[in-house]
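Undergrad: First, the structure itself, so that you have it in front of you.
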Amino acid sequence: MSHGDRMKQGQFTNPETPGYVGFANLPNQVHRKSVKKGFEFTLMVVGESGLGKSTLINSLFLTDLYPERIIPGAAGRTPAQAGTGPQAVTFVMLLSSRHSRSFCCQTEKIERTVQIEASTVEIEERGVKLRLTVVDTPGYGDAINSQDCFSTIISYIDDQFERYLHDESGLNRRHIVDNRVHCCFYFISPLGHGLKPLDVQFMKAIHNKVNVVPVIAKADTLTLRERERLKRRILDEIDEHGIKIYHLPDAESDEDEDFKEQTRILKASIPFAVVGSNQQIEAKGKKVRGRLYPWGVVEVENPEHNDFLKLRTMLITHMQDLQEVTQDLHYENFRSDRLKRSGRKGPEPEEMDKDMILQEKEAELRRMQEMIAKMQAQMQKQGDGDDV
Ligand code: GDP
């Protein structure tokens, strides 16, 4: 086996620690302060219904994000709650001691024309906390009018920006919960000959708001040659229609060779052709997550069978970059548009910082002056008493 082949195989597998996602390495990407606080990341999955979005998400984080839920009955809700408003469903997931990872999960269902479901899992791996929110957007193929569905998803992304903008200008800015959507996996059907008009329309509608990562669903339904042909076709169409997808940054020149090679392979794999499964199957004496066919097993976590591990590696190793692009590009776009629309030029974040510090200092000064005035009044009173 050549060095290149070994790299290709070894890079995306972790034989010593099966069932280990790898976000414990996140501290290498960011400052220690964030490690203490934990990481916040929101991933959205979009695409036609039935393409395997929920299955993939469960496979991705080695957890069932959608176990049986306790849904409060209508009797338990007030008449106002029983309407079409948001329902909050909370459940706790089983602790998985095998991987010494812990989960705590909460789901918020927002019922509109289509349902948007945000599930938050708190995963702890080797002492590193990740607060992961997955936003599942049941397929637009379901909606009679796909425009309604689009606008619901777009509003969801905008609402999170709006909330962040509001919190950022508030007093409690140091403790903002970041629910902005940092990445969107866009699922493309393996059955078409490329992008459908709706795919083009939808990706263009969100590409300035979120990092879009195109994913070919159910890759096990394609031969290797069909897969490559479809990938090329999709990339050509993305280019032709001017769709902006998330671009993995090039590895820095001082990075080690393995990381550079990994980045090169990841870049070459876009759009990632993935397979998902919720089933454990016996293959070559091992239990693996896979799909059983009469002719054999398609293993989810086998890089020779599909790009699942590459997709997960991309997400984990680029979490911080995805957050930064969200902050510096998508959120800034939203913020400047929003301020333009409201007809005023808002202060820059640093200016906001300075203003806030100045205000806090002024308030402190006022308090001190009041205290001194009170003390002087008291001393005056005491002096008057002594004179008598
Ligand atoms: P969603 O509507 O996009 O969330 O799709 P689901 O995750 O509910 O999956 C729909 C169906 O597709 C289920 O029967 C899954 O078992 C199946 N499925 C999911 N992933 C794959 C895959 O990678 N390959 C194949 N062949 N079927 C899949």
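Just remember, in the structure tokens the first chain shown is A, the second B, etc., residues are 1-based per chain, and ligands are 1-based in the order shown.
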Hey, what's within 7 Å of Val181 of chain A if we count only C-alpha atoms and toss same-chain stuff fewer than 6 positions away? As a PyMOL selection string, please?

TA: chain A and resi 42-44+157+210

Undergrad: Go ahead and save the residues from that selection, with C-alpha atoms, as a PDB file, in the first residue's frame.

TA:
ATOM      1  CA  THR A  42     -25.534  25.217  15.415  1.00  0.00           C
ATOM      2  CA  LEU A  43     -25.874  22.965  12.415  1.00  0.00           C
ATOM      3  CA  MET A  44     -28.868  23.093  10.104  1.00  0.00           C
ATOM      4  CA  ILE A 157     -31.796  32.015  10.253  1.00  0.00           C
ATOM      5  CA  VAL A 210     -25.070  30.729   6.179  1.00  0.00           C
TER       6      VAL A 210
END

Undergrad: Just want the 8 Å neighbourhood of Tyr164 of chain A, counted on only C-alpha atoms, with same-chain residues fewer than 2 positions away dropped. Output as JSON, numbers by chain.

TA: {"A": [160, 161, 162, 166, 167, 168, 176, 177, 178, 179, 180]}

Undergrad: Give me, please, the distance in Å between atom CA of Leu292 of chain A and atom CA of Glu226 of chain A, quoted to one decimal.

TA: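 Atom CA of Glu226 of chain A lies at a distance of 20.8 Å from atom CA of Leu292 of chain A.
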
Undergrad: Show me which residues sit within 9 Å of ligand 1 when counting only C-alpha atoms and all ligand atoms, and put them as a ChimeraX atom specification.

TA: /A:45-58,136-139,187,217-221,274-278,290-291,300

Undergrad: Keeping C-alpha atoms for every residue in the selection just given, could you write it to a file as a PDB file, in the first residue's frame?

TA:
ATOM      1  CA  VAL A  45     -29.897  20.310   7.748  1.00  0.00           C
ATOM      2  CA  VAL A  46     -31.959  21.159   4.708  1.00  0.00           C
ATOM      3  CA  GLY A  47     -33.235  19.162   1.770  1.00  0.00           C
ATOM      4  CA  GLU A  48     -36.113  17.175   0.405  1.00  0.00           C
ATOM      5  CA  SER A  49     -37.951  14.923   2.767  1.00  0.00           C
ATOM      6  CA  GLY A  50     -36.761  11.287   2.953  1.00  0.00           C
ATOM      7  CA  LEU A  51     -33.150  11.957   1.895  1.00  0.00           C
ATOM      8  CA  GLY A  52     -31.822  10.659   5.231  1.00  0.00           C
ATOM      9  CA  LYS A  53     -31.203  13.938   7.099  1.00  0.00           C
ATOM     10  CA  SER A  54     -32.267  12.734  10.544  1.00  0.00           C
ATOM     11  CA  THR A  55     -30.471   9.422  10.097  1.00  0.00           C
ATOM     12  CA  LEU A  56     -27.229  11.153   9.148  1.00  0.00           C
ATOM     13  CA  ILE A  57     -27.389  13.548  12.067  1.00  0.00           C
ATOM     14  CA  ASN A  58     -27.816  10.644  14.478  1.00  0.00           C
ATOM     15  CA  ASP A 136     -33.887  19.888  11.292  1.00  0.00           C
ATOM     16  CA  THR A 137     -36.071  21.343   8.593  1.00  0.00           C
ATOM     17  CA  PRO A 138     -38.486  18.711   7.307  1.00  0.00           C
ATOM     18  CA  GLY A 139     -38.183  18.522   3.551  1.00  0.00           C
ATOM     19  CA  PHE A 187     -28.880  17.451   0.968  1.00  0.00           C
ATOM     20  CA  ALA A 217     -27.571  11.793   0.163  1.00  0.00           C
ATOM     21  CA  LYS A 218     -27.804   7.977   0.149  1.00  0.00           C
ATOM     22  CA  ALA A 219     -24.534   7.490  -1.696  1.00  0.00           C
ATOM     23  CA  ASP A 220     -24.967   3.708  -1.416  1.00  0.00           C
ATOM     24  CA  THR A 221     -27.496   3.929  -4.239  1.00  0.00           C
ATOM     25  CA  VAL A 274     -22.642  10.124   2.436  1.00  0.00           C
ATOM     26  CA  VAL A 275     -24.445   7.120   3.862  1.00  0.00           C
ATOM     27  CA  GLY A 276     -26.290   7.120   7.168  1.00  0.00           C
ATOM     28  CA  SER A 277     -27.742   4.354   9.300  1.00  0.00           C
ATOM     29  CA  ASN A 278     -29.145   3.896  12.762  1.00  0.00           C
ATOM     30  CA  GLY A 290     -24.057   0.230   8.455  1.00  0.00           C
ATOM     31  CA  ARG A 291     -26.667  -0.868   5.944  1.00  0.00           C
ATOM     32  CA  VAL A 300     -21.015   4.266   7.451  1.00  0.00           C
TER      33      VAL A 300
END

Undergrad: Using only C-alpha atoms, find the one residue out of A:Arg289, A:Lys231, A:Arg163, A:Lys340 that sits nearest to Leu60 of chain A.

TA: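 Ranked by minimum distance to Leu60 of chain A, first place goes to A:Arg289.
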
Undergrad: Report, in Å with one decimal, the straight-line distance from atom CA of Ala268 of chain A to atom CA of Ala205 of chain A.

TA: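 Computing it gives 25.2 Å between the two atoms.
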
Undergrad: For the structure I just gave you, how does DSSP split segment 219-338 of chain A - specifically, which residues are strand (DSSP E)? Reply as a list in words.

TA: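 The strand (DSSP E) subset of segment 219-338 of chain A is Phe272, Ala273, Gln280, Ile281, Glu282, Ala283, Lys286, Lys287, Val288, Arg289, Gly290, Arg291, Leu292, Tyr293, Gly296, Val297, Val298 and Glu299 of chain A.
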
Undergrad: Give me, as a list in words, all polymer residues having an atom no more than 12 Å from Asp321 of chain A, counting only C-alpha atoms and skipping those fewer than 6 positions away in the same chain.

TA: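 Close residues of Asp321 of chain A: Leu26, Gln29, Val30, Phe41, His182, Cys183, Asn211, Tyr246, His247, Leu248, Pro249, Asp250, Ala251, Met314, Leu315, Gln327, Asp328 and Leu329 of chain A.
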
Undergrad: Atoms to include: N, CA and C atoms. Write the selected residues as a PDB file, in the first residue's frame.

TA:
ATOM      1  N   LEU A  26     -10.955  20.322  20.003  1.00  0.00           N
ATOM      2  CA  LEU A  26     -11.336  21.710  19.732  1.00  0.00           C
ATOM      3  C   LEU A  26     -10.478  22.733  20.475  1.00  0.00           C
ATOM      4  N   GLN A  29      -8.025  24.625  18.684  1.00  0.00           N
ATOM      5  CA  GLN A  29      -8.432  25.634  17.712  1.00  0.00           C
ATOM      6  C   GLN A  29      -8.713  26.981  18.355  1.00  0.00           C
ATOM      7  N   VAL A  30      -9.064  26.999  19.607  1.00  0.00           N
ATOM      8  CA  VAL A  30      -9.463  28.261  20.226  1.00  0.00           C
ATOM      9  C   VAL A  30      -8.797  28.549  21.567  1.00  0.00           C
ATOM     10  N   PHE A  41     -22.398  25.535  18.959  1.00  0.00           N
ATOM     11  CA  PHE A  41     -22.399  25.373  17.504  1.00  0.00           C
ATOM     12  C   PHE A  41     -23.782  24.959  17.045  1.00  0.00           C
ATOM     13  N   HIS A 182     -24.391  28.150  12.172  1.00  0.00           N
ATOM     14  CA  HIS A 182     -22.998  28.247  11.711  1.00  0.00           C
ATOM     15  C   HIS A 182     -22.718  27.444  10.453  1.00  0.00           C
ATOM     16  N   CYS A 183     -23.575  26.459  10.199  1.00  0.00           N
ATOM     17  CA  CYS A 183     -23.322  25.620   9.031  1.00  0.00           C
ATOM     18  C   CYS A 183     -24.633  24.989   8.570  1.00  0.00           C
ATOM     19  N   ASN A 211     -23.124  29.257   6.010  1.00  0.00           N
ATOM     20  CA  ASN A 211     -22.128  28.447   5.306  1.00  0.00           C
ATOM     21  C   ASN A 211     -22.794  27.192   4.764  1.00  0.00           C
ATOM     22  N   TYR A 246     -19.509  26.927   1.181  1.00  0.00           N
ATOM     23  CA  TYR A 246     -18.421  27.139   2.151  1.00  0.00           C
ATOM     24  C   TYR A 246     -17.109  26.608   1.572  1.00  0.00           C
ATOM     25  N   HIS A 247     -16.095  27.459   1.573  1.00  0.00           N
ATOM     26  CA  HIS A 247     -14.789  27.036   1.063  1.00  0.00           C
ATOM     27  C   HIS A 247     -13.862  26.751   2.223  1.00  0.00           C
ATOM     28  N   LEU A 248     -13.346  25.536   2.248  1.00  0.00           N
ATOM     29  CA  LEU A 248     -12.394  25.197   3.297  1.00  0.00           C
ATOM     30  C   LEU A 248     -11.155  26.047   3.093  1.00  0.00           C
ATOM     31  N   PRO A 249     -10.666  26.703   4.156  1.00  0.00           N
ATOM     32  CA  PRO A 249      -9.459  27.503   3.965  1.00  0.00           C
ATOM     33  C   PRO A 249      -8.259  26.587   3.706  1.00  0.00           C
ATOM     34  N   ASP A 250      -7.297  27.093   2.935  1.00  0.00           N
ATOM     35  CA  ASP A 250      -6.079  26.305   2.702  1.00  0.00           C
ATOM     36  C   ASP A 250      -5.321  26.166   4.009  1.00  0.00           C
ATOM     37  N   ALA A 251      -4.647  25.031   4.165  1.00  0.00           N
ATOM     38  CA  ALA A 251      -3.846  24.845   5.389  1.00  0.00           C
ATOM     39  C   ALA A 251      -2.686  25.835   5.354  1.00  0.00           C
ATOM     40  N   MET A 314     -14.422  17.262   8.518  1.00  0.00           N
ATOM     41  CA  MET A 314     -14.495  18.646   8.043  1.00  0.00           C
ATOM     42  C   MET A 314     -15.192  19.509   9.093  1.00  0.00           C
ATOM     43  N   LEU A 315     -16.291  19.000   9.616  1.00  0.00           N
ATOM     44  CA  LEU A 315     -17.078  19.768  10.580  1.00  0.00           C
ATOM     45  C   LEU A 315     -16.293  20.016  11.858  1.00  0.00           C
ATOM     46  N   GLN A 327     -19.585  34.903  11.889  1.00  0.00           N
ATOM     47  CA  GLN A 327     -19.487  36.195  12.572  1.00  0.00           C
ATOM     48  C   GLN A 327     -19.039  37.306  11.613  1.00  0.00           C
ATOM     49  N   ASP A 328     -17.945  37.044  10.904  1.00  0.00           N
ATOM     50  CA  ASP A 328     -17.307  38.114  10.125  1.00  0.00           C
ATOM     51  C   ASP A 328     -17.997  38.396   8.801  1.00  0.00           C
ATOM     52  N   LEU A 329     -18.659  37.396   8.243  1.00  0.00           N
ATOM     53  CA  LEU A 329     -19.257  37.612   6.927  1.00  0.00           C
ATOM     54  C   LEU A 329     -20.791  37.656   6.998  1.00  0.00           C
TER      55      LEU A 329
END

Undergrad: What does the distance between atom CA of Phe334 of chain A and atom CA of Tyr156 of chain A come to in Å, to one decimal place?

TA: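 Taking atom CA of Phe334 of chain A as the start and atom CA of Tyr156 of chain A as the end point, the length is 13.2 Å.
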
Undergrad: Rank A:Ser253, A:Leu165, A:Asp384, A:Ile245 by their smallest atom-to-atom distance to Glu332 of chain A, using only C-alpha atoms, and report the top residue only.

TA: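 With only C-alpha atoms as the atom set, the closest residue is A:Leu165.
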
Undergrad: Restricting the calculation to only C-alpha atoms, which member of A:Ala283, A:Arg312, A:Ile265, A:Arg367 is positioned closest to Val298 of chain A?

TA: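 For Val298 of chain A, the nearest of the candidates is A:Ala283.
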
Undergrad: How close does each residue of segment 206-245 of chain A get to segment 195-202 of chain A, giving the shortest atom pair and distance in Å to one decimal for every residue with an atom at most 8 Å away, counting only C-alpha atoms, sorted by chain and residue number, as a Markdown table?

TA:
| residue | atom | partner | partner_atom | distance |
| --- | --- | --- | --- | --- |
| A:Ile206 | CA | A:Phe202 | CA | 6.5 |
| A:Ile234 | CA | A:Leu195 | CA | 6.2 |
| A:Glu237 | CA | A:Leu195 | CA | 7.1 |
| A:Ile238 | CA | A:Val200 | CA | 7.9 |
| A:His241 | CA | A:Val200 | CA | 7.3 |
| A:Ile243 | CA | A:Val200 | CA | 7.6 |
